[in-house]
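Data file: work-v2.txt. Format and content: compact mmCIF, C-alpha atoms.
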```
# COMPACT_ATOMS: atom_id res chain seq x y z
CA MET A 1 2.11 -11.54 4.63
CA LYS A 2 4.02 -13.41 1.92
CA ILE A 3 7.61 -13.97 3.03
CA GLY A 4 10.47 -15.31 0.94
CA ILE A 5 13.62 -16.73 2.50
CA LEU A 6 17.16 -17.01 1.16
CA VAL A 7 19.50 -19.49 2.86
CA ASN A 8 23.16 -18.94 1.95
CA GLU A 9 24.90 -21.52 4.12
CA GLY A 10 24.86 -25.26 4.56
CA PRO A 11 23.63 -26.98 7.71
CA TYR A 12 25.68 -27.43 10.91
CA ASN A 13 28.81 -25.52 9.87
CA HIS A 14 26.96 -22.26 10.44
CA GLN A 15 23.83 -21.36 12.41
CA ALA A 16 22.12 -19.81 9.37
CA SER A 17 20.03 -22.89 8.56
CA ASP A 18 18.86 -23.21 12.19
CA THR A 19 17.93 -19.54 12.41
CA ALA A 20 16.09 -19.66 9.09
CA LEU A 21 14.13 -22.73 10.24
CA ASN A 22 13.20 -21.14 13.57
CA PHE A 23 12.17 -17.97 11.76
CA CYS A 24 9.99 -19.92 9.30
CA LYS A 25 8.29 -21.88 12.09
CA ALA A 26 7.52 -18.67 14.02
CA ALA A 27 6.23 -16.90 10.89
CA LEU A 28 3.93 -19.83 10.04
CA ALA A 29 2.67 -19.95 13.64
CA LYS A 30 1.78 -16.28 13.35
CA GLY A 31 -0.25 -16.92 10.21
CA HIS A 32 2.21 -15.61 7.64
CA THR A 33 2.95 -17.50 4.43
CA ILE A 34 6.46 -18.72 3.73
CA TRP A 35 6.07 -18.44 -0.02
CA ARG A 36 9.42 -19.94 -0.92
CA VAL A 37 12.77 -20.83 0.65
CA PHE A 38 15.60 -20.56 -1.84
CA PHE A 39 18.89 -22.32 -1.15
CA TYR A 40 21.99 -20.79 -2.73
CA TYR A 41 25.78 -20.93 -2.28
CA ASP A 42 26.58 -23.73 0.19
CA GLY A 43 22.94 -23.43 1.27
CA VAL A 44 22.20 -26.08 -1.36
CA LEU A 45 23.79 -28.60 1.01
CA ASN A 46 20.67 -28.37 3.19
CA ALA A 47 19.17 -30.67 0.54
CA ALA A 48 21.95 -33.26 0.75
CA PRO A 49 20.55 -36.77 0.32
CA ARG A 50 21.69 -39.64 2.55
CA ALA A 51 22.88 -37.34 5.35
CA GLU A 52 22.74 -38.97 8.77
CA PRO A 53 23.32 -36.53 11.59
CA PRO A 54 23.97 -38.14 15.00
CA THR A 55 20.67 -39.17 16.60
CA ASP A 56 21.26 -36.95 19.64
CA ASP A 57 21.53 -33.89 17.38
CA ARG A 58 18.80 -32.09 15.44
CA ASN A 59 18.12 -33.30 11.91
CA LEU A 60 17.95 -30.15 9.81
CA PHE A 61 17.33 -32.03 6.55
CA LYS A 62 14.27 -33.65 8.07
CA GLN A 63 13.04 -30.42 9.63
CA TRP A 64 13.15 -28.62 6.28
CA GLY A 65 11.35 -31.56 4.67
CA GLU A 66 8.63 -31.41 7.34
CA LEU A 67 8.13 -27.72 6.64
CA ALA A 68 7.46 -28.60 3.01
CA GLU A 69 5.24 -31.54 3.89
CA LYS A 70 3.13 -29.98 6.66
CA HIS A 71 2.93 -26.39 5.48
CA GLY A 72 3.43 -26.71 1.73
CA VAL A 73 6.54 -24.52 1.84
CA ASP A 74 8.28 -24.45 -1.55
CA LEU A 75 11.91 -25.46 -0.96
CA VAL A 76 13.97 -24.59 -4.02
CA VAL A 77 17.60 -25.50 -4.51
CA CYS A 78 19.58 -23.54 -7.10
CA VAL A 79 20.44 -25.88 -9.96
CA ALA A 80 23.80 -24.29 -10.80
CA ALA A 81 24.98 -23.98 -7.20
CA GLY A 82 23.70 -27.52 -6.58
CA LEU A 83 25.50 -29.11 -9.52
CA ARG A 84 28.70 -27.40 -8.42
CA ARG A 85 28.34 -29.16 -5.04
CA GLY A 86 26.91 -32.54 -6.06
CA ILE A 87 23.24 -31.84 -5.40
CA ARG A 88 21.08 -32.69 -8.39
CA GLU A 89 17.53 -33.35 -9.58
CA GLY A 90 16.17 -36.63 -8.26
CA ASP A 91 18.89 -36.93 -5.67
CA THR A 92 17.98 -34.59 -2.82
CA ALA A 93 16.59 -34.96 0.67
CA PRO A 94 12.74 -35.26 0.61
CA GLY A 95 10.78 -32.02 0.18
CA PHE A 96 13.26 -30.10 -1.96
CA ARG A 97 13.07 -29.35 -5.66
CA ILE A 98 15.75 -28.12 -8.03
CA SER A 99 15.26 -25.04 -10.16
CA GLY A 100 16.97 -21.95 -11.50
CA LEU A 101 18.09 -18.72 -9.88
CA GLY A 102 15.13 -17.01 -11.50
CA GLN A 103 13.05 -18.54 -8.71
CA LEU A 104 14.90 -16.35 -6.21
CA ILE A 105 14.37 -13.18 -8.24
CA GLU A 106 10.73 -14.18 -8.64
CA ALA A 107 10.45 -14.53 -4.85
CA GLY A 108 11.89 -11.02 -4.51
CA ILE A 109 9.25 -9.70 -6.88
CA GLN A 110 6.27 -11.69 -5.58
CA CYS A 111 6.87 -11.63 -1.82
CA ASP A 112 6.14 -8.77 0.55
CA ARG A 113 9.45 -9.48 2.28
CA LEU A 114 12.66 -11.31 1.47
CA VAL A 115 14.85 -12.29 4.42
CA THR A 116 18.41 -13.56 4.03
CA PHE A 117 20.22 -15.95 6.37
CA GLY A 118 23.91 -16.56 5.79
CA ASP A 119 27.47 -16.13 6.97
CA MET B 1 14.69 -0.91 6.98
CA LEU B 2 15.38 -3.83 9.28
CA HIS B 3 19.07 -4.65 9.50
CA THR B 4 20.18 -8.02 10.84
CA VAL B 5 23.74 -8.48 12.08
CA ASN B 6 25.04 -11.96 12.86
CA LYS B 7 28.74 -11.34 13.49
CA SER B 8 30.62 -10.70 16.71
CA PRO B 9 31.88 -7.10 16.67
CA PHE B 10 35.17 -8.44 18.05
CA GLU B 11 35.80 -10.45 14.89
CA LYS B 12 34.17 -8.74 11.90
CA ASN B 13 33.14 -5.24 10.83
CA ALA B 14 29.54 -6.19 9.93
CA LEU B 15 28.03 -4.26 12.84
CA GLU B 16 30.19 -1.19 12.27
CA SER B 17 29.35 -1.23 8.57
CA CYS B 18 25.66 -1.62 9.36
CA LEU B 19 25.71 1.27 11.84
CA SER B 20 27.52 3.57 9.42
CA HIS B 21 24.99 2.89 6.63
CA ALA B 22 21.72 2.73 8.56
CA VAL B 23 19.50 5.79 8.33
CA GLU B 24 16.84 7.39 10.50
CA GLY B 25 13.94 5.05 11.27
CA ALA B 26 16.00 1.88 10.93
CA SER B 27 15.83 -1.03 13.32
CA ILE B 28 18.77 -3.31 14.02
CA LEU B 29 18.42 -6.89 15.19
CA LEU B 30 21.46 -8.70 16.54
CA ILE B 31 21.32 -12.44 15.96
CA GLU B 32 23.66 -15.46 16.23
CA ASP B 33 27.20 -14.24 17.09
CA GLY B 34 25.94 -10.69 16.63
CA VAL B 35 24.40 -10.81 20.11
CA TYR B 36 27.79 -10.22 21.76
CA ALA B 37 27.50 -6.60 20.60
CA ALA B 38 24.49 -6.09 22.88
CA LEU B 39 26.40 -6.61 26.13
CA GLY B 40 27.55 -3.93 28.52
CA GLY B 41 31.03 -3.83 30.02
CA THR B 42 32.74 -4.50 26.68
CA SER B 43 34.97 -2.40 24.43
CA THR B 44 32.05 -2.00 22.01
CA ALA B 45 29.37 -1.13 24.59
CA ALA B 46 29.71 2.64 24.22
CA ARG B 47 29.29 2.38 20.45
CA MET B 48 26.20 0.25 20.96
CA ALA B 49 24.73 2.61 23.55
CA GLU B 50 25.15 5.49 21.12
CA ALA B 51 23.55 3.41 18.34
CA ALA B 52 20.61 2.55 20.59
CA LYS B 53 19.82 6.27 20.81
CA ARG B 54 19.71 6.66 17.02
CA PHE B 55 18.06 3.36 16.09
CA LYS B 56 15.77 0.79 17.60
CA VAL B 57 18.13 -2.02 18.59
CA PHE B 58 17.06 -5.54 19.48
CA VAL B 59 18.80 -8.77 20.34
CA LEU B 60 17.48 -12.27 19.68
CA GLY B 61 16.86 -13.75 23.15
CA PRO B 62 17.36 -17.43 22.24
CA ASP B 63 20.82 -16.64 20.82
CA LEU B 64 21.72 -14.73 23.97
CA ALA B 65 20.58 -17.57 26.22
CA ALA B 66 22.38 -20.21 24.14
CA ARG B 67 25.65 -18.36 24.68
CA GLY B 68 25.21 -18.07 28.43
CA MET B 69 24.83 -14.32 28.26
CA ASP B 70 22.82 -12.59 30.96
CA ALA B 71 19.91 -10.51 29.70
CA GLY B 72 20.53 -8.22 32.69
CA ARG B 73 23.88 -7.21 31.21
CA LEU B 74 22.52 -5.60 28.06
CA VAL B 75 23.49 -2.11 26.97
CA GLU B 76 20.75 0.35 27.91
CA GLY B 77 18.18 0.81 25.18
CA VAL B 78 18.58 -2.65 23.66
CA GLY B 79 15.38 -4.71 23.63
CA ILE B 80 15.00 -8.48 23.58
CA VAL B 81 12.83 -10.35 21.10
CA ASP B 82 12.15 -14.03 20.45
CA TYR B 83 11.65 -15.59 16.98
CA GLU B 84 8.07 -14.31 16.92
CA GLY B 85 9.39 -10.83 17.64
CA PHE B 86 11.89 -11.29 14.80
CA VAL B 87 8.95 -12.06 12.48
CA ASP B 88 7.10 -8.95 13.71
CA LEU B 89 10.15 -6.79 13.01
CA VAL B 90 10.34 -8.18 9.46
CA ALA B 91 6.63 -7.44 8.98
CA GLU B 92 6.97 -3.90 10.35
CA HIS B 93 9.76 -2.88 7.96
CA PRO B 94 9.29 -2.90 4.17
CA THR B 95 12.81 -4.21 3.54
CA SER B 96 15.27 -6.44 5.39
CA GLN B 97 19.02 -6.25 4.89
CA ALA B 98 21.41 -8.85 6.26
CA TRP B 99 24.93 -7.78 7.20
CA LEU B 100 26.81 -11.05 6.78
CA MET C 1 6.82 -16.75 -17.23
CA ASP C 2 4.06 -14.72 -15.58
CA GLU C 3 6.53 -12.97 -13.28
CA MET C 4 7.99 -11.28 -16.34
CA GLU C 5 4.57 -10.18 -17.49
CA SER C 6 3.33 -8.98 -14.12
CA GLY C 7 4.66 -5.47 -14.75
CA VAL C 8 5.97 -5.18 -11.19
CA VAL C 9 9.29 -3.37 -11.13
CA LYS C 10 11.08 -3.41 -7.82
CA LYS C 11 14.34 -1.82 -6.78
CA PHE C 12 16.78 -4.67 -6.23
CA MET C 13 20.21 -4.18 -4.73
CA PHE C 14 22.99 -6.73 -4.64
CA VAL C 15 25.37 -5.70 -1.88
CA ASN C 16 28.93 -6.95 -2.27
CA ARG C 17 30.97 -6.77 0.92
CA LYS C 18 33.43 -9.62 0.36
CA ALA C 19 36.67 -9.96 -1.59
CA PRO C 20 36.90 -12.37 -4.54
CA TYR C 21 38.53 -15.84 -4.65
CA GLY C 22 38.97 -16.35 -0.88
CA THR C 23 35.28 -17.29 -0.86
CA ILE C 24 32.83 -17.99 -3.68
CA TYR C 25 30.35 -15.24 -2.81
CA ALA C 26 31.55 -12.66 -5.36
CA LEU C 27 31.27 -15.14 -8.23
CA GLU C 28 27.87 -16.51 -7.29
CA VAL C 29 26.46 -13.02 -6.64
CA LEU C 30 27.47 -12.20 -10.20
CA GLU C 31 25.56 -15.25 -11.47
CA MET C 32 22.53 -14.01 -9.52
CA VAL C 33 22.89 -10.53 -11.02
CA LEU C 34 23.03 -11.89 -14.57
CA ILE C 35 19.81 -13.87 -14.05
CA SER C 36 18.08 -10.82 -12.55
CA ALA C 37 18.60 -9.02 -15.87
CA ALA C 38 15.95 -11.25 -17.46
CA PHE C 39 13.27 -9.97 -15.08
CA ASP C 40 13.26 -6.29 -16.09
CA GLN C 41 13.76 -5.08 -12.54
CA ASP C 42 15.58 -1.93 -11.40
CA VAL C 43 18.89 -3.57 -10.50
CA HIS C 44 21.61 -1.89 -8.43
CA LEU C 45 25.03 -3.28 -7.51
CA ALA C 46 26.77 -1.89 -4.46
CA PHE C 47 30.42 -2.47 -3.61
CA VAL C 48 31.28 -1.65 -0.01
CA ASP C 49 33.88 -2.83 2.51
CA ASP C 50 36.02 -5.65 0.99
CA GLY C 51 33.55 -5.84 -1.90
CA VAL C 52 35.49 -3.04 -3.61
CA PHE C 53 38.35 -5.53 -4.18
CA GLN C 54 36.09 -7.39 -6.63
CA LEU C 55 36.56 -4.55 -9.12
CA LYS C 56 40.36 -4.27 -8.87
CA LYS C 57 42.09 -4.16 -12.26
CA GLY C 58 44.66 -6.73 -13.26
CA GLN C 59 43.27 -9.86 -11.58
CA ASP C 60 45.25 -12.92 -12.67
CA THR C 61 44.06 -16.24 -11.28
CA LYS C 62 46.08 -18.60 -13.50
CA ALA C 63 48.21 -20.03 -10.72
CA LEU C 64 45.14 -20.59 -8.51
CA GLY C 65 43.35 -22.79 -11.00
CA GLN C 66 40.25 -20.64 -10.47
CA LYS C 67 38.43 -18.80 -13.21
CA ASN C 68 39.05 -15.06 -13.42
CA PHE C 69 35.49 -13.80 -13.52
CA SER C 70 36.35 -10.11 -13.28
CA PRO C 71 35.80 -9.43 -17.04
CA THR C 72 32.12 -10.21 -16.41
CA TYR C 73 31.73 -6.89 -14.57
CA ARG C 74 32.60 -5.14 -17.82
CA ALA C 75 29.97 -7.19 -19.67
CA LEU C 76 27.12 -6.16 -17.37
CA ASP C 77 26.09 -3.16 -19.42
CA GLY C 78 25.33 -5.60 -22.25
CA TYR C 79 22.63 -6.94 -19.93
CA ASP C 80 21.36 -3.42 -19.22
CA ILE C 81 22.84 -3.56 -15.74
CA GLU C 82 24.48 -0.17 -15.49
CA LYS C 83 23.93 0.94 -11.91
CA LEU C 84 27.22 0.08 -10.23
CA TYR C 85 27.98 2.01 -7.06
CA VAL C 86 31.28 1.94 -5.21
CA GLU C 87 31.77 3.48 -1.80
CA ALA C 88 34.46 6.18 -1.58
CA GLU C 89 35.39 5.49 2.05
CA SER C 90 35.70 1.75 1.45
CA MET C 91 38.12 2.40 -1.42
CA ALA C 92 40.14 4.98 0.52
CA GLU C 93 40.47 2.68 3.55
CA ARG C 94 41.92 0.02 1.25
CA GLY C 95 44.29 2.30 -0.61
CA LEU C 96 42.31 2.19 -3.84
CA THR C 97 41.20 4.97 -6.16
CA GLU C 98 38.75 4.96 -9.05
CA ALA C 99 41.74 4.50 -11.41
CA ASP C 100 42.27 1.02 -9.88
CA LEU C 101 38.83 -0.17 -10.97
CA LEU C 102 38.21 -2.26 -14.07
CA VAL C 103 34.81 -0.84 -14.94
CA PRO C 104 33.15 2.59 -14.91
CA VAL C 105 31.18 3.10 -11.69
CA GLU C 106 29.49 5.80 -9.73
CA VAL C 107 31.41 6.60 -6.57
CA LEU C 108 29.21 7.42 -3.58
CA SER C 109 30.02 8.61 -0.09
CA ARG C 110 29.12 6.21 2.72
CA ALA C 111 26.23 8.45 3.71
CA ASP C 112 24.87 8.48 0.16
CA MET C 113 25.31 4.70 -0.09
CA GLY C 114 23.28 4.28 3.11
CA ALA C 115 20.57 6.55 1.73
CA LEU C 116 20.48 4.57 -1.53
CA MET C 117 20.23 1.25 0.35
CA ASN C 118 17.29 2.69 2.25
CA GLU C 119 15.39 3.28 -1.02
CA MET C 120 15.52 -0.37 -2.06
CA ASP C 121 12.64 -2.85 -2.08
CA VAL C 122 14.80 -5.98 -2.04
CA VAL C 123 18.37 -6.17 -0.71
CA LEU C 124 20.39 -9.31 -1.34
CA THR C 125 23.70 -9.84 0.40
CA ALA C 126 26.22 -12.62 0.65
```
Before we go any further, please render this structure as structure tokens.
Amino acid sequence: MKIGILVNEGPYNHQASDTALNFCKAALAKGHTIWRVFFYYDGVLNAAPRAEPPTDDRNLFKQWGELAEKHGVDLVVCVAAGLRRGIREGDTAPGFRISGLGQLIEAGIQCDRLVTFGD
Amino acid sequence: MLHTVNKSPFEKNALESCLSHAVEGASILLIEDGVYAALGGTSTAARMAEAAKRFKVFVLGPDLAARGMDAGRLVEGVGIVDYEGFVDLVAEHPTSQAWL
Amino acid sequence: MDEMESGVVKKFMFVNRKAPYGTIYALEVLEMVLISAAFDQDVHLAFVDDGVFQLKKGQDTKALGQKNFSPTYRALDGYDIEKLYVEAESMAERGLTEADLLVPVEVLSRADMGALMNEMDVVLTA
């Protein structure tokens, strides 16, 4: 099954990013496709470059990047929401790309399911 | 429809709003701070028990465990799923709606 | 843009449950709604719980330094987005009537709103 994901919140402040990651990992393990993860609202901060979480804590930026690298998951950061918060093309954590909100609507159209994680 | 609720019922009205909009055949999955609504012996337990008769209600086990909540204290009729079970619920229902 | 040529028309619903200005959700949902208009989908906007406050007449944000985006709701029909649904119980609980709203809407009971939500293919909330 083709699943699209919408992440509405940034990392750490809220559990949404953790839950979305755990959901994606479980879905991939079960043989589903995570067709796209779209980051909107403060969710764009999951792509923050140069973030350095304490080494005894999980690194959500890295975990998202690994999802893109190992499973080819398309991680899309909303350009408008990103610019508003200082996240821009060429200056994101590895694995993310910047594009328009149309990519979210497209995920809604193309995917069998769209699941939202937020606050 | 699969409804997800991630708010404590003691703080926000997300669960109440979800329950008053959900229709026959719906499933409800309590995640994150939403898991507190699954526990017996609370002021919201009767509401949850009633909901569990009308809908299939589940709670995300890892969120329950993280918060030190005993799975033996759940309201009757509430099932426990892990992340794989969450994925299955999404697959079983044509649409997911998050009550944030 | 093959997604626009695919011919797939899904029922989308944007569910607004939060008041404006205190958080950014109302504004950024609106940006999402405007983009959705380009995709020729069957778009529905629902206003329930504190979301009904988004449509209150007379919003004046000058002293906040924030943009008053409420006129955009009136511009939606120019984008062929005409399905705006407001929940009667949510308005009544908050002391509002249809006369307080800045745009024509269809008022639905909570039960009818729940039934409408259940018909959707894609539900987006913030």
Task: Counting only C-alpha atoms, chain C residues within 12 Å of chain A, as a PyMOL selection string - done: chain C and resi 1-14+17-18+23-43+120-126
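Computed from the coordinates, the CA of Leu108 in chain C to CA of His44 in chain C distance equals 13.0 Å.
Residues in contact with Leu60 in chain A at up to 9 Å, not including ones fewer than 3 positions away on its chain and judged by all atoms listed in the file, are Pro11, Tyr12, Ser17, Asp18, Leu21, Asn46, Pro53, Gln63, Trp64 and Gly65 of chain A.
Here CA of Leu55 in chain C is placed at a distance of 5.3 Å from CA of Leu101 in chain C.
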Open item on the list: Between CA of Leu39 in chain B and CA of Val59 in chain B, what distance in Å does the model show, to one decimal?
Closed with: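 Straight-line distance from CA of Leu39 in chain B to CA of Val59 in chain B works out to 9.8 Å.
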Contact check, chain B to chain C, at most 12 Å, counting all atoms listed in the file, closest pairs as JSON lines:
```
{"residue": "B:Met1", "atom": "CA", "partner": "C:Asn118", "partner_atom": "CA", "distance": 6.5}
{"residue": "B:Leu2", "atom": "CA", "partner": "C:Asn118", "partner_atom": "CA", "distance": 9.8}
{"residue": "B:His3", "atom": "CA", "partner": "C:Val123", "partner_atom": "CA", "distance": 10.3}
{"residue": "B:Thr4", "atom": "CA", "partner": "C:Thr125", "partner_atom": "CA", "distance": 11.2}
{"residue": "B:Val5", "atom": "CA", "partner": "C:Thr125", "partner_atom": "CA", "distance": 11.8}
{"residue": "B:Lys12", "atom": "CA", "partner": "C:Asp49", "partner_atom": "CA", "distance": 11.1}
{"residue": "B:Asn13", "atom": "CA", "partner": "C:Asp49", "partner_atom": "CA", "distance": 8.7}
{"residue": "B:Ala14", "atom": "CA", "partner": "C:Arg17", "partner_atom": "CA", "distance": 9.1}
{"residue": "B:Leu15", "atom": "CA", "partner": "C:Asp49", "partner_atom": "CA", "distance": 12.0}
{"residue": "B:Glu16", "atom": "CA", "partner": "C:Asp49", "partner_atom": "CA", "distance": 10.6}
{"residue": "B:Ser17", "atom": "CA", "partner": "C:Asp49", "partner_atom": "CA", "distance": 7.7}
{"residue": "B:Cys18", "atom": "CA", "partner": "C:Gly114", "partner_atom": "CA", "distance": 8.9}
{"residue": "B:Leu19", "atom": "CA", "partner": "C:Gly114", "partner_atom": "CA", "distance": 9.5}
{"residue": "B:Ser20", "atom": "CA", "partner": "C:Arg110", "partner_atom": "CA", "distance": 7.4}
{"residue": "B:His21", "atom": "CA", "partner": "C:Gly114", "partner_atom": "CA", "distance": 4.2}
{"residue": "B:Ala22", "atom": "CA", "partner": "C:Gly114", "partner_atom": "CA", "distance": 5.9}
{"residue": "B:Val23", "atom": "CA", "partner": "C:Gly114", "partner_atom": "CA", "distance": 6.6}
{"residue": "B:Glu24", "atom": "CA", "partner": "C:Asn118", "partner_atom": "CA", "distance": 9.5}
{"residue": "B:Gly25", "atom": "CA", "partner": "C:Asn118", "partner_atom": "CA", "distance": 9.9}
{"residue": "B:Ala26", "atom": "CA", "partner": "C:Asn118", "partner_atom": "CA", "distance": 8.8}
{"residue": "B:Ser27", "atom": "CA", "partner": "C:Asn118", "partner_atom": "CA", "distance": 11.8}
{"residue": "B:His93", "atom": "CA", "partner": "C:Asp121", "partner_atom": "CA", "distance": 10.4}
{"residue": "B:Pro94", "atom": "CA", "partner": "C:Asp121", "partner_atom": "CA", "distance": 7.1}
{"residue": "B:Thr95", "atom": "CA", "partner": "C:Asp121", "partner_atom": "CA", "distance": 5.8}
{"residue": "B:Ser96", "atom": "CA", "partner": "C:Val123", "partner_atom": "CA", "distance": 6.8}
{"residue": "B:Gln97", "atom": "CA", "partner": "C:Val123", "partner_atom": "CA", "distance": 5.6}
{"residue": "B:Ala98", "atom": "CA", "partner": "C:Thr125", "partner_atom": "CA", "distance": 6.4}
{"residue": "B:Trp99", "atom": "CA", "partner": "C:Thr125", "partner_atom": "CA", "distance": 7.2}
{"residue": "B:Leu100", "atom": "CA", "partner": "C:Ala126", "partner_atom": "CA", "distance": 6.4}
```
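When all atoms listed in the file are used to compute distances to chain B, the closest of the residues A:Phe23, A:Asp91, A:His14, A:Leu67 turns out to be A:Phe23.
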TODO: Go through B:Leu60, B:Ile28, B:Met69, B:Glu76 and flag the residue nearest chain A, using all atoms listed in the file for the distances.
DONE: B:Leu60
Return the padded bounding box of range 5-11 of chain B as AutoDock Vina command-line options: axis-aligned, built from all atoms listed in the file, 8 Å added on each side, with centre and edge lengths in Å to one decimal.
```
--center_x 29.8 --center_y -9.5 --center_z 15.1 --size_x 28.1 --size_y 20.9 --size_z 22.0
```
Using the atoms already present, construct N, CA, C and O atoms for range 60-74 of chain B and hand them back as an mmCIF file, keeping the file's coordinate frame.
```
data_model
loop_
_atom_site.group_PDB
_atom_site.id
_atom_site.type_symbol
_atom_site.label_atom_id
_atom_site.label_comp_id
_atom_site.auth_asym_id
_atom_site.auth_seq_id
_atom_site.Cartn_x
_atom_site.Cartn_y
_atom_site.Cartn_z
ATOM 1 N N LEU B 60 18.288 -11.050 19.712
ATOM 2 C CA LEU B 60 17.480 -12.270 19.680
ATOM 3 C C LEU B 60 17.742 -13.068 20.966
ATOM 4 O O LEU B 60 18.843 -13.601 21.152
ATOM 5 N N GLY B 61 16.727 -13.123 21.834
ATOM 6 C CA GLY B 61 16.860 -13.750 23.150
ATOM 7 C C GLY B 61 17.403 -15.175 23.125
ATOM 8 O O GLY B 61 18.304 -15.506 23.896
ATOM 9 N N PRO B 62 16.870 -16.043 22.257
ATOM 10 C CA PRO B 62 17.360 -17.430 22.240
ATOM 11 C C PRO B 62 18.861 -17.524 21.951
ATOM 12 O O PRO B 62 19.541 -18.412 22.481
ATOM 13 N N ASP B 63 19.382 -16.614 21.116
ATOM 14 C CA ASP B 63 20.820 -16.640 20.820
ATOM 15 C C ASP B 63 21.640 -16.164 22.018
ATOM 16 O O ASP B 63 22.757 -16.637 22.253
ATOM 17 N N LEU B 64 21.067 -15.232 22.766
ATOM 18 C CA LEU B 64 21.720 -14.730 23.970
ATOM 19 C C LEU B 64 21.801 -15.839 25.019
ATOM 20 O O LEU B 64 22.854 -16.112 25.601
ATOM 21 N N ALA B 65 20.663 -16.506 25.225
ATOM 22 C CA ALA B 65 20.580 -17.570 26.220
ATOM 23 C C ALA B 65 21.520 -18.723 25.868
ATOM 24 O O ALA B 65 22.216 -19.265 26.735
ATOM 25 N N ALA B 66 21.544 -19.082 24.579
ATOM 26 C CA ALA B 66 22.380 -20.210 24.140
ATOM 27 C C ALA B 66 23.841 -19.968 24.482
ATOM 28 O O ALA B 66 24.591 -20.905 24.770
ATOM 29 N N ARG B 67 24.240 -18.695 24.460
ATOM 30 C CA ARG B 67 25.650 -18.360 24.680
ATOM 31 C C ARG B 67 25.958 -18.034 26.145
ATOM 32 O O ARG B 67 27.054 -17.563 26.460
ATOM 33 N N GLY B 68 24.976 -18.272 27.002
ATOM 34 C CA GLY B 68 25.210 -18.070 28.430
ATOM 35 C C GLY B 68 25.297 -16.614 28.843
ATOM 36 O O GLY B 68 25.887 -16.281 29.870
ATOM 37 N N MET B 69 24.730 -15.747 27.991
ATOM 38 C CA MET B 69 24.830 -14.320 28.260
ATOM 39 C C MET B 69 23.601 -13.829 29.030
ATOM 40 O O MET B 69 22.468 -14.132 28.660
ATOM 41 N N ASP B 70 23.847 -13.053 30.045
ATOM 42 C CA ASP B 70 22.820 -12.590 30.960
ATOM 43 C C ASP B 70 22.061 -11.407 30.350
ATOM 44 O O ASP B 70 22.665 -10.383 30.012
ATOM 45 N N ALA B 71 20.748 -11.577 30.249
ATOM 46 C CA ALA B 71 19.910 -10.510 29.700
ATOM 47 C C ALA B 71 19.982 -9.241 30.557
ATOM 48 O O ALA B 71 19.688 -8.144 30.084
ATOM 49 N N GLY B 72 20.390 -9.366 31.819
ATOM 50 C CA GLY B 72 20.530 -8.220 32.690
ATOM 51 C C GLY B 72 21.778 -7.391 32.385
ATOM 52 O O GLY B 72 21.970 -6.312 32.952
ATOM 53 N N ARG B 73 22.619 -7.891 31.533
ATOM 54 C CA ARG B 73 23.880 -7.210 31.210
ATOM 55 C C ARG B 73 23.821 -6.417 29.904
ATOM 56 O O ARG B 73 24.848 -5.967 29.393
ATOM 57 N N LEU B 74 22.620 -6.273 29.353
ATOM 58 C CA LEU B 74 22.520 -5.600 28.060
ATOM 59 C C LEU B 74 22.778 -4.107 28.152
ATOM 60 O O LEU B 74 22.484 -3.473 29.167
#
```
